[in-house]
$ cat input_0.txt   # compact mmCIF, C-alpha atoms
# COMPACT_ATOMS: atom_id res chain seq x y z
CA MET A 1479 -36.42 -151.07 112.30
CA SER A 1480 -36.55 -147.74 114.00
CA GLY A 1481 -37.89 -144.60 112.39
CA PHE A 1482 -39.78 -144.01 109.21
CA ALA A 1483 -39.28 -145.39 105.77
CA LEU A 1484 -40.43 -143.03 103.08
CA GLU A 1485 -41.55 -144.47 99.80
CA PRO A 1486 -42.54 -141.83 97.30
CA ALA A 1487 -44.67 -143.13 94.45
CA ASN A 1488 -42.98 -142.06 91.22
CA ASN A 1489 -41.20 -139.40 93.26
CA GLN A 1490 -44.52 -137.61 93.58
CA ALA A 1491 -47.14 -137.35 96.27
CA PRO A 1492 -48.71 -139.35 97.79
CA TRP A 1493 -45.93 -140.53 100.03
CA ARG A 1494 -46.16 -143.80 101.81
CA ILE A 1495 -44.86 -143.91 105.34
CA THR A 1496 -44.15 -147.14 107.05
CA GLY A 1497 -42.51 -147.33 110.36
CA ASN A 1498 -42.00 -149.61 113.24
CA ASP A 1499 -40.20 -149.20 116.50
CA ALA A 1500 -39.23 -152.58 117.87
CA ASN A 1501 -39.22 -151.30 121.43
CA SER A 1502 -42.38 -149.26 121.68
CA GLY A 1503 -44.33 -150.08 118.55
CA ARG A 1504 -44.60 -146.35 118.18
CA PHE A 1505 -44.52 -146.25 114.42
CA ASP A 1506 -46.51 -149.35 113.59
CA THR A 1507 -48.97 -147.49 111.43
CA THR A 1508 -48.90 -147.60 107.67
CA VAL A 1509 -50.54 -144.61 106.12
CA TYR A 1510 -50.52 -142.60 102.93
CA TYR A 1511 -49.99 -138.93 102.73
CA SER A 1512 -50.13 -136.36 100.03
CA GLN A 1513 -49.26 -132.74 99.66
CA ILE A 1514 -51.99 -130.29 99.02
CA GLY A 1515 -52.08 -129.26 95.42
CA GLY A 1516 -51.83 -132.90 94.43
CA ALA A 1517 -54.84 -134.43 96.10
CA GLY A 1518 -56.66 -131.47 97.62
CA TRP A 1519 -57.47 -130.61 101.17
CA GLN A 1520 -59.38 -132.81 103.60
CA SER A 1521 -59.98 -132.45 107.28
CA GLU A 1522 -58.37 -135.05 109.45
CA ASN A 1523 -59.98 -136.84 112.28
CA ILE A 1524 -59.08 -138.78 115.38
CA ALA A 1525 -61.99 -141.16 115.18
CA SER A 1526 -61.55 -143.32 118.24
CA SER A 1527 -59.66 -143.49 121.52
CA SER A 1528 -57.07 -145.76 119.92
CA ASP A 1529 -56.70 -143.77 116.70
CA VAL A 1530 -53.31 -142.23 116.08
CA ASP A 1531 -52.44 -140.29 112.93
CA TYR A 1532 -48.96 -139.78 111.56
CA LEU A 1533 -48.59 -136.93 109.12
CA PHE A 1534 -45.57 -136.55 106.93
CA PHE A 1535 -44.74 -132.96 106.11
CA VAL A 1536 -42.25 -132.00 103.46
CA CYS A 1537 -41.27 -128.52 102.34
CA PRO A 1538 -40.70 -127.86 98.66
CA GLY A 1539 -37.26 -127.24 97.21
CA ASN A 1540 -34.62 -126.24 99.69
CA LEU A 1541 -37.08 -124.83 102.19
CA LYS A 1542 -36.91 -126.09 105.75
CA VAL A 1543 -39.73 -126.90 108.12
CA ARG A 1544 -40.26 -124.08 110.56
CA GLU A 1545 -43.39 -125.22 112.35
CA VAL A 1546 -45.90 -128.04 112.25
CA ALA A 1547 -49.31 -127.51 113.77
CA ILE A 1548 -52.92 -128.57 114.01
CA SER A 1549 -56.02 -126.58 114.82
CA PHE A 1550 -59.17 -128.10 116.25
CA THR A 1551 -62.00 -127.43 118.67
CA HIS A 1552 -60.68 -128.18 122.12
CA ALA A 1553 -64.17 -128.30 123.61
CA LYS A 1554 -65.00 -131.27 121.38
CA GLY A 1555 -61.85 -133.18 122.24
CA ASP A 1556 -58.36 -132.39 123.48
CA LEU A 1557 -55.84 -133.38 120.82
CA ASP A 1558 -52.05 -133.37 121.27
CA VAL A 1559 -49.10 -133.69 118.89
CA GLU A 1560 -45.53 -134.93 118.83
CA ALA A 1561 -43.04 -133.98 116.09
CA TYR A 1562 -40.33 -136.39 114.90
CA ASP A 1563 -37.57 -136.36 112.36
CA VAL A 1564 -37.73 -139.07 109.72
CA ALA A 1565 -35.34 -141.21 111.78
CA GLY A 1566 -37.97 -141.34 114.53
CA ARG A 1567 -36.23 -138.99 116.97
CA LEU A 1568 -38.62 -136.89 119.01
CA LEU A 1569 -38.10 -133.19 118.31
CA GLY A 1570 -40.81 -131.69 120.45
CA THR A 1571 -44.34 -131.97 121.74
CA SER A 1572 -47.35 -129.73 122.08
CA THR A 1573 -49.88 -130.70 124.72
CA GLY A 1574 -51.70 -127.49 125.50
CA THR A 1575 -55.31 -126.84 126.31
CA THR A 1576 -56.28 -124.43 123.56
CA ASN A 1577 -57.68 -124.87 120.04
CA SER A 1578 -54.28 -125.45 118.45
CA GLU A 1579 -51.06 -127.34 118.98
CA SER A 1580 -47.78 -126.44 117.33
CA VAL A 1581 -44.13 -127.43 117.46
CA GLY A 1582 -41.44 -125.07 116.23
CA VAL A 1583 -38.63 -126.99 114.57
CA SER A 1584 -36.78 -124.29 112.63
CA ALA A 1585 -33.49 -124.82 114.46
CA PHE A 1586 -33.26 -128.42 113.26
CA GLY A 1587 -32.99 -127.38 109.60
CA LEU A 1588 -35.10 -130.29 108.36
CA ASN A 1589 -36.83 -130.61 105.01
CA ALA A 1590 -39.30 -133.18 106.35
CA VAL A 1591 -40.98 -133.76 109.69
CA VAL A 1592 -43.46 -136.39 110.88
CA LEU A 1593 -46.26 -135.25 113.15
CA LYS A 1594 -48.08 -137.66 115.42
CA VAL A 1595 -51.61 -136.61 116.33
CA TYR A 1596 -53.56 -138.32 119.12
CA GLY A 1597 -56.34 -137.64 121.58
CA TYR A 1598 -55.53 -136.88 125.19
CA ASN A 1599 -57.05 -139.50 127.47
CA GLY A 1600 -58.92 -141.04 124.56
CA ALA A 1601 -60.33 -137.78 123.21
CA THR A 1602 -61.53 -137.67 119.61
CA GLY A 1603 -62.19 -134.94 117.08
CA ALA A 1604 -61.42 -133.44 113.70
CA TYR A 1605 -58.38 -131.29 113.11
CA ALA A 1606 -56.71 -129.32 110.35
CA PRO A 1607 -52.95 -129.71 109.99
CA SER A 1608 -50.65 -126.98 108.76
CA LEU A 1609 -47.02 -126.59 107.90
CA GLY A 1610 -44.80 -123.54 107.86
CA CYS A 1611 -41.71 -123.57 105.66
CA GLY A 1612 -38.96 -121.04 105.29
CA MET V 509 13.14 -90.63 84.38
CA PRO V 510 12.80 -90.24 88.15
CA ASN V 511 14.92 -87.72 89.90
CA LEU V 512 17.68 -89.84 91.53
CA ARG V 513 18.44 -87.20 94.09
CA PHE V 514 14.81 -87.10 95.17
CA VAL V 515 14.59 -90.89 95.42
CA LYS V 516 17.70 -90.96 97.63
CA SER V 517 16.18 -88.24 99.71
CA ALA V 518 12.88 -90.15 100.02
CA VAL V 519 14.70 -93.30 101.13
CA ALA V 520 16.61 -91.32 103.70
CA VAL V 521 13.39 -89.78 104.95
CA ALA V 522 11.74 -93.20 105.18
CA LEU V 523 14.69 -94.60 107.13
CA CYS V 524 14.63 -91.60 109.37
CA ALA V 525 10.90 -91.99 109.86
CA THR V 526 11.31 -95.66 110.72
CA ALA V 527 13.97 -94.88 113.29
CA ALA V 528 11.82 -92.15 114.73
CA TYR V 529 8.87 -94.49 114.66
CA VAL V 530 10.75 -97.13 116.69
CA ALA V 531 11.87 -94.46 119.07
CA GLY V 532 8.32 -93.25 119.25
CA LEU V 533 7.07 -96.73 120.06
CA ARG V 534 9.60 -96.95 122.86
CA HIS V 535 8.41 -93.59 124.04
CA ALA V 536 4.81 -94.82 123.75
CA ALA V 537 5.66 -97.83 125.85
CA SER V 538 7.00 -95.55 128.52
CA ILE V 539 3.82 -93.46 128.30
CA GLU V 540 1.72 -96.59 128.55
CA THR V 541 3.41 -97.56 131.78
CA LYS V 542 2.34 -94.19 133.09
CA GLY V 543 -1.31 -95.05 132.43
CA SER V 544 -2.08 -93.74 128.96
CA HIS V 545 -4.17 -95.80 126.55
CA PRO V 546 -1.86 -97.72 124.17
CA THR V 547 -3.56 -96.38 121.04
CA GLU V 548 -3.29 -92.81 122.24
CA ALA V 549 0.30 -93.40 123.16
CA VAL V 550 1.16 -94.70 119.70
CA THR V 551 -0.71 -91.80 118.13
CA GLN V 552 1.32 -89.41 120.22
CA SER V 553 4.48 -91.10 119.03
CA GLU V 554 3.34 -90.77 115.41
CA ASP V 555 2.73 -87.09 115.94
CA ALA V 556 6.19 -86.89 117.37
CA THR V 557 7.52 -88.62 114.27
CA LEU V 558 5.87 -86.04 112.06
CA ALA V 559 7.18 -83.25 114.20
CA VAL V 560 10.70 -84.63 114.07
CA ASN V 561 10.61 -84.70 110.30
CA ARG V 562 8.98 -81.34 109.79
CA PRO V 563 11.26 -78.56 108.66
CA THR V 564 12.53 -76.38 111.41
CA GLU V 565 14.13 -73.01 111.19
CA SER V 566 17.60 -74.51 111.68
CA ALA V 567 17.14 -77.62 109.50
CA PRO V 568 17.20 -77.55 105.70
CA THR V 569 13.67 -77.36 104.32
CA ARG V 570 12.06 -80.36 102.60
CA THR V 571 9.84 -80.28 99.59
CA GLU V 572 6.08 -80.53 99.83
CA ALA V 573 6.27 -83.89 98.04
CA GLU V 574 8.58 -85.27 100.71
CA HIS V 575 6.27 -84.16 103.47
CA GLU V 576 3.32 -85.60 101.66
CA ALA V 577 5.09 -88.96 101.22
CA LEU V 578 6.01 -89.01 104.88
CA ALA V 579 2.51 -88.13 105.95
CA GLN V 580 1.18 -90.97 103.85
CA VAL V 581 3.58 -93.44 105.49
CA VAL V 582 2.49 -92.28 108.92
CA ALA V 583 -1.18 -92.40 107.98
CA LEU V 584 -0.77 -95.94 106.70
CA ARG V 585 0.93 -97.02 109.91
CA ARG V 586 -1.81 -95.44 111.98
CA ALA V 587 -4.46 -97.28 109.98
CA LEU V 588 -2.62 -100.59 110.35
CA LEU V 589 -2.18 -100.12 114.07
CA ALA V 590 -5.82 -99.19 114.56
CA GLN V 591 -6.89 -102.22 112.54
CA ALA V 592 -4.65 -104.52 114.55
CA MET V 593 -6.10 -103.27 117.81
CA ARG V 594 -9.71 -103.66 116.71
CA PRO V 595 -11.61 -106.84 117.75
CA PRO V 596 -12.44 -109.19 114.82
CA LEU V 597 -15.54 -108.10 112.95
CA VAL V 598 -16.76 -111.63 112.20
CA ALA V 599 -18.17 -113.44 115.21
CA PRO V 600 -17.70 -117.21 115.46
CA VAL V 601 -20.46 -119.01 113.57
CA GLN V 602 -22.89 -120.91 115.77
CA SER V 603 -25.14 -123.73 114.66
CA PRO V 604 -28.91 -123.02 114.55
CA VAL V 605 -29.40 -125.43 117.44
CA ALA V 606 -26.73 -123.65 119.51
CA LEU V 607 -28.34 -120.29 118.71
CA ALA V 608 -31.78 -121.63 119.65
CA CYS V 609 -30.47 -122.92 122.96
CA GLN V 610 -28.71 -119.63 123.63
CA LYS V 611 -31.92 -117.70 122.96
CA LEU V 612 -34.01 -119.97 125.16
CA ASP V 613 -31.39 -119.87 127.91
CA GLU V 614 -31.57 -116.09 127.83
CA ARG V 615 -35.36 -116.21 128.07
CA LEU V 616 -35.11 -118.60 130.96
CA SER V 617 -32.69 -116.47 132.92
CA ASN V 618 -34.16 -113.08 131.99
CA SER V 619 -37.79 -113.85 132.76
CA PRO V 620 -39.30 -111.98 135.69
CA PRO V 621 -38.91 -114.06 138.85
CA ASN V 622 -41.87 -116.11 139.94
CA ALA V 623 -40.66 -118.38 142.69
CA ALA V 624 -43.96 -120.16 143.19
CA GLU V 625 -44.40 -121.00 139.50
CA SER V 626 -40.76 -122.02 139.12
CA ALA V 627 -41.04 -124.33 142.11
CA ARG V 628 -44.27 -125.84 140.78
CA MET V 629 -42.76 -126.58 137.38
CA GLU V 630 -39.53 -127.91 138.81
CA GLN V 631 -41.46 -130.20 141.15
CA ALA V 632 -43.45 -131.56 138.22
CA ILE V 633 -40.27 -132.43 136.35
CA ARG V 634 -38.55 -133.78 139.44
CA SER V 635 -41.45 -136.12 140.14
CA VAL V 636 -40.79 -137.71 136.73
CA THR V 637 -37.00 -137.76 136.93
CA ASN V 638 -37.15 -139.31 140.39
CA SER V 639 -39.51 -142.04 139.22
CA GLY V 640 -36.70 -143.99 137.57
CA ILE V 641 -38.16 -143.45 134.10
CA LEU V 642 -34.88 -141.98 132.85
CA ALA V 643 -33.14 -145.33 133.25
CA GLY V 644 -29.94 -143.90 134.66
CA ALA V 645 -29.65 -140.73 132.57
CA ASP V 646 -28.42 -137.80 134.60
CA ALA V 647 -30.81 -134.82 134.66
CA THR V 648 -30.03 -131.25 135.69
CA ILE V 649 -33.11 -129.05 136.08
CA SER V 650 -33.35 -125.27 135.97
CA CYS V 651 -36.62 -123.33 135.89
CA GLY V 652 -37.65 -119.74 135.30
CA ALA V 653 -41.14 -118.27 135.40
CA THR V 654 -42.38 -119.87 132.17
CA ILE V 655 -39.54 -122.08 130.89
CA CYS V 656 -37.73 -125.01 132.42
CA LYS V 657 -34.61 -126.63 131.02
CA VAL V 658 -33.40 -130.14 131.66
CA ASP V 659 -29.90 -131.15 130.63
CA LEU V 660 -29.93 -134.90 130.07
CA ILE V 661 -26.68 -136.83 129.93
CA ASP V 662 -26.17 -140.50 129.34
CA SER V 663 -23.15 -142.46 128.13
CA ASP V 664 -25.45 -144.16 125.59
CA ASN V 665 -26.81 -141.96 122.79
CA ALA V 666 -29.89 -144.10 122.12
CA ARG V 667 -30.68 -144.30 125.82
CA VAL V 668 -30.61 -140.56 126.23
CA ASP V 669 -33.19 -140.25 123.42
CA THR V 670 -35.41 -142.78 125.17
CA ALA V 671 -35.04 -140.83 128.41
CA ALA V 672 -35.88 -137.56 126.62
CA ASP V 673 -39.02 -139.14 125.12
CA ALA V 674 -40.10 -140.48 128.50
CA LEU V 675 -39.52 -137.19 130.25
CA SER V 676 -41.38 -135.20 127.59
CA ARG V 677 -44.39 -137.49 127.82
CA GLY V 678 -44.19 -137.72 131.59
CA VAL V 679 -44.89 -134.02 132.06
CA SER V 680 -47.63 -133.85 129.45
CA LYS V 681 -50.30 -131.27 130.37
CA THR V 682 -48.14 -129.77 133.09
CA PHE V 683 -46.37 -128.05 130.22
CA ALA V 684 -47.96 -126.98 126.96
CA SER V 685 -44.85 -127.41 124.86
CA THR V 686 -41.48 -129.13 124.82
CA VAL V 687 -38.58 -129.15 122.41
CA ILE V 688 -35.51 -131.38 122.49
CA TYR V 689 -32.18 -130.16 121.16
CA PRO V 690 -29.22 -132.50 120.67
CA GLN V 691 -26.08 -131.14 122.29
CA GLY V 692 -23.72 -133.88 121.22
CA GLU V 693 -23.29 -137.58 121.79
CA GLY V 694 -25.42 -138.60 124.77
CA VAL V 695 -26.40 -135.04 125.68
CA ARG V 696 -29.80 -133.42 125.17
CA ALA V 697 -31.24 -130.09 126.25
CA ILE V 698 -35.00 -130.25 126.77
CA TYR V 699 -36.97 -127.07 127.16
CA PHE V 700 -40.43 -127.11 128.72
CA ALA V 701 -42.83 -124.19 128.61
CA SER V 702 -46.21 -123.48 130.06
CA ASN V 703 -47.20 -121.93 126.71
CA SER V 704 -45.97 -122.63 123.18
CA GLU V 705 -45.12 -118.97 122.55
CA SER V 706 -42.29 -119.17 125.07
CA LEU V 707 -40.43 -121.67 122.90
CA ARG V 708 -41.15 -120.01 119.55
CA LEU V 709 -37.95 -118.76 117.95
CA SER V 710 -39.07 -116.90 114.86
CA PRO V 711 -42.29 -115.50 113.50
CA LEU V 712 -44.09 -117.57 110.91
CA PRO V 713 -44.91 -116.25 107.47
CA GLU V 714 -48.40 -114.86 107.11
CA GLU V 715 -49.46 -117.97 105.26
CA PRO V 716 -47.78 -121.35 105.43
CA VAL V 717 -45.94 -122.06 102.21
CA VAL V 718 -47.16 -125.63 102.06
CA ILE V 719 -49.99 -127.39 103.77
CA ALA V 720 -49.83 -131.13 103.90
CA LYS V 721 -52.59 -133.61 104.46
CA ARG V 722 -52.84 -137.27 104.99
CA THR V 723 -55.24 -139.90 103.73
CA THR V 724 -55.35 -143.23 105.49
CA GLU V 725 -55.22 -146.56 103.74
CA ALA V 726 -58.91 -146.94 104.51
CA ASN V 727 -59.58 -143.84 102.48
CA GLU V 728 -57.64 -145.04 99.47
$ encode --input "input_0.txt" --output "structure tokens"
Amino acid sequence: MSGFALEPANNQAPWRITGNDANSGRFDTTVYYSQIGGAGWQSENIASSSDVDYLFFVCPGNLKVREVAISFTHAKGDLDVEAYDVAGRLLGTSTGTTNSESVGVSAFGLNAVVLKVYGYNGATGAYAPSLGCG
Amino acid sequence: MPNLRFVKSAVAVALCATAAYVAGLRHAASIETKGSHPTEAVTQSEDATLAVNRPTESAPTRTEAEHEALAQVVALRRALLAQAMRPPLVAPVQSPVALACQKLDERLSNSPPNAAESARMEQAIRSVTNSGILAGADATISCGATICKVDLIDSDNARVDTAADALSRGVSKTFASTVIYPQGEGVRAIYFASNSESLRLSPLPEEPVVIAKRTTEANE
């Protein structure tokens, strides 16, 4: 299977994301996500050199995702991101050297976007994700 | 009960005006060949039409109502002609992706020239495209001072996505930001920028509407 399978529990957050790419194993992580307001805010963390987080962002109602981003302390660890649609197609990447990474996706007109967060060259560190809808 | 005589007179005036109008158009065509603007030429012919139908000292006088009716006919024709000659007000609708590409293309071509930086960025991309990582996809590279664009074409739609992924990852850290826009079956436009601002298309709201978070299975 390629891409993400989204399994909302009772049509409410948290959402379960399972994915697997037969060629690259890119989406072989199974994680749970929730929207803020349902489960509250927690900082995220890339805990080890092999840790990869996949975040599922969804905008409410008919709003579309404009930008997905993370902020972190670059001096503690250089984190990078890749944004995908729910079919697993890469939309864009952000691999800068500042305290934030962001990918603008407004032109795609998507209601949901998956963000992959990982450490550059095995870097680790906490980050705070954010989502802009419009 | 309408005055029959006046109605007959109005019809006659309208026919006369039409004949004069056609004659005027012919006259306008002859003016146009002499270099006048077509609109001006037609306007001149309309003025001529009015003049032809105005009372003269030798012709029998017409009523004010007849003149008014004729003036209205001419005014309507003028308006219709002007409307016909105007370009359409509604521009063709473009998709958001097409608009985004157009905007980024403009940024790419309008950026102040920086030959050294353009060459550096192009070389970074070329080193990846020449490595065989694109698996046969055809890449066309163009670079400005802060943005590069790669047009990727492959006969296989899935393969062009794989090539786009590989290229985006291959230039990681040389560029701060990339975005991949589908251009149709087997065609992708990838934009690379040395800073994420260069690829931003619209300002964000002051505060994000929604903030999402994730909890891992281990945290459950």
$ closest_residue --input "input_0.txt" --among "A:Thr1602, A:Ser1578, A:Ser1526, A:Ser1608" --to "chain V" --atoms "only C-alpha atoms"
A:Ser1608
$ atom_distance --input "input_0.txt" --atom1 "CA of Gly1597 (chain A)" --atom2 "CA of Leu1609 (chain A)"
19.9 Å
$ atom_distance --input "input_0.txt" --atom1 "CA of Ser685 (chain V)" --atom2 "CA of Gly1539 (chain A)"
28.7 Å
$ closest_residue --input "input_0.txt" --among "V:Arg667, V:Arg594, V:Arg570, V:Arg628" --to "chain A" --atoms "all atoms listed in the file"
V:Arg667
$ closest_residue --input "input_0.txt" --among "A:Cys1611, A:Val1546, A:Val1591, A:Ala1561" --to "chain V" --atoms "all atoms listed in the file"
A:Cys1611
$ closest_residue --input "input_0.txt" --among "A:Leu1588, A:Tyr1596, A:Phe1534, A:Thr1551" --to "chain V" --atoms "all atoms listed in the file"
A:Phe1534
$ residues_around --input "input_0.txt" --residues "Ser1528 (chain A)" --least-positions-apart "2" --cutoff "12 Å" --atoms "only C-alpha atoms" --output "ChimeraX atom specification"
/A:1507,1524-1526,1530-1531,1595-1602
$ write_last_selection --input "input_0.txt" --atoms "C-alpha atoms" --output "PDB file, keeping the file's coordinate frame"
ATOM      1  CA  THR A1507     -48.970-147.490 111.430  1.00  0.00           C
ATOM      2  CA  ILE A1524     -59.080-138.780 115.380  1.00  0.00           C
ATOM      3  CA  ALA A1525     -61.990-141.160 115.180  1.00  0.00           C
ATOM      4  CA  SER A1526     -61.550-143.320 118.240  1.00  0.00           C
ATOM      5  CA  VAL A1530     -53.310-142.230 116.080  1.00  0.00           C
ATOM      6  CA  ASP A1531     -52.440-140.290 112.930  1.00  0.00           C
ATOM      7  CA  VAL A1595     -51.610-136.610 116.330  1.00  0.00           C
ATOM      8  CA  TYR A1596     -53.560-138.320 119.120  1.00  0.00           C
ATOM      9  CA  GLY A1597     -56.340-137.640 121.580  1.00  0.00           C
ATOM     10  CA  TYR A1598     -55.530-136.880 125.190  1.00  0.00           C
ATOM     11  CA  ASN A1599     -57.050-139.500 127.470  1.00  0.00           C
ATOM     12  CA  GLY A1600     -58.920-141.040 124.560  1.00  0.00           C
ATOM     13  CA  ALA A1601     -60.330-137.780 123.210  1.00  0.00           C
ATOM     14  CA  THR A1602     -61.530-137.670 119.610  1.00  0.00           C
TER      15      THR A1602
END
$ residues_near_point --input "input_0.txt" --point "(-40.8, -139.3, 126.8)" --cutoff "12 Å" --atoms "all atoms listed in the file" --output "PyMOL selection string"
(chain A and resi 1502+1504+1560+1567-1571) or (chain V and resi 633+636-637+641-643+667-680+686-688+698)
$ closest_residue --input "input_0.txt" --among "A:Pro1538, A:Gly1587, A:Gly1603, A:Gly1610" --to "chain V" --atoms "only C-alpha atoms"
A:Gly1610
$ atom_distance --input "input_0.txt" --atom1 "CA of Asn618 (chain V)" --atom2 "CA of Asp1558 (chain A)"
29.1 Å
$ residues_around --input "input_0.txt" --residues "Leu607 (chain V)" --least-positions-apart "3" --cutoff "12 Å" --atoms "only C-alpha atoms" --output "PyMOL selection string"
(chain A and resi 1584-1586) or (chain V and resi 600-604+610-614+689+691+709-710)
$ closest_residue --input "input_0.txt" --among "V:Ser626, V:Thr654, V:Thr571, V:Thr682" --to "chain A" --atoms "all atoms listed in the file"
V:Thr682
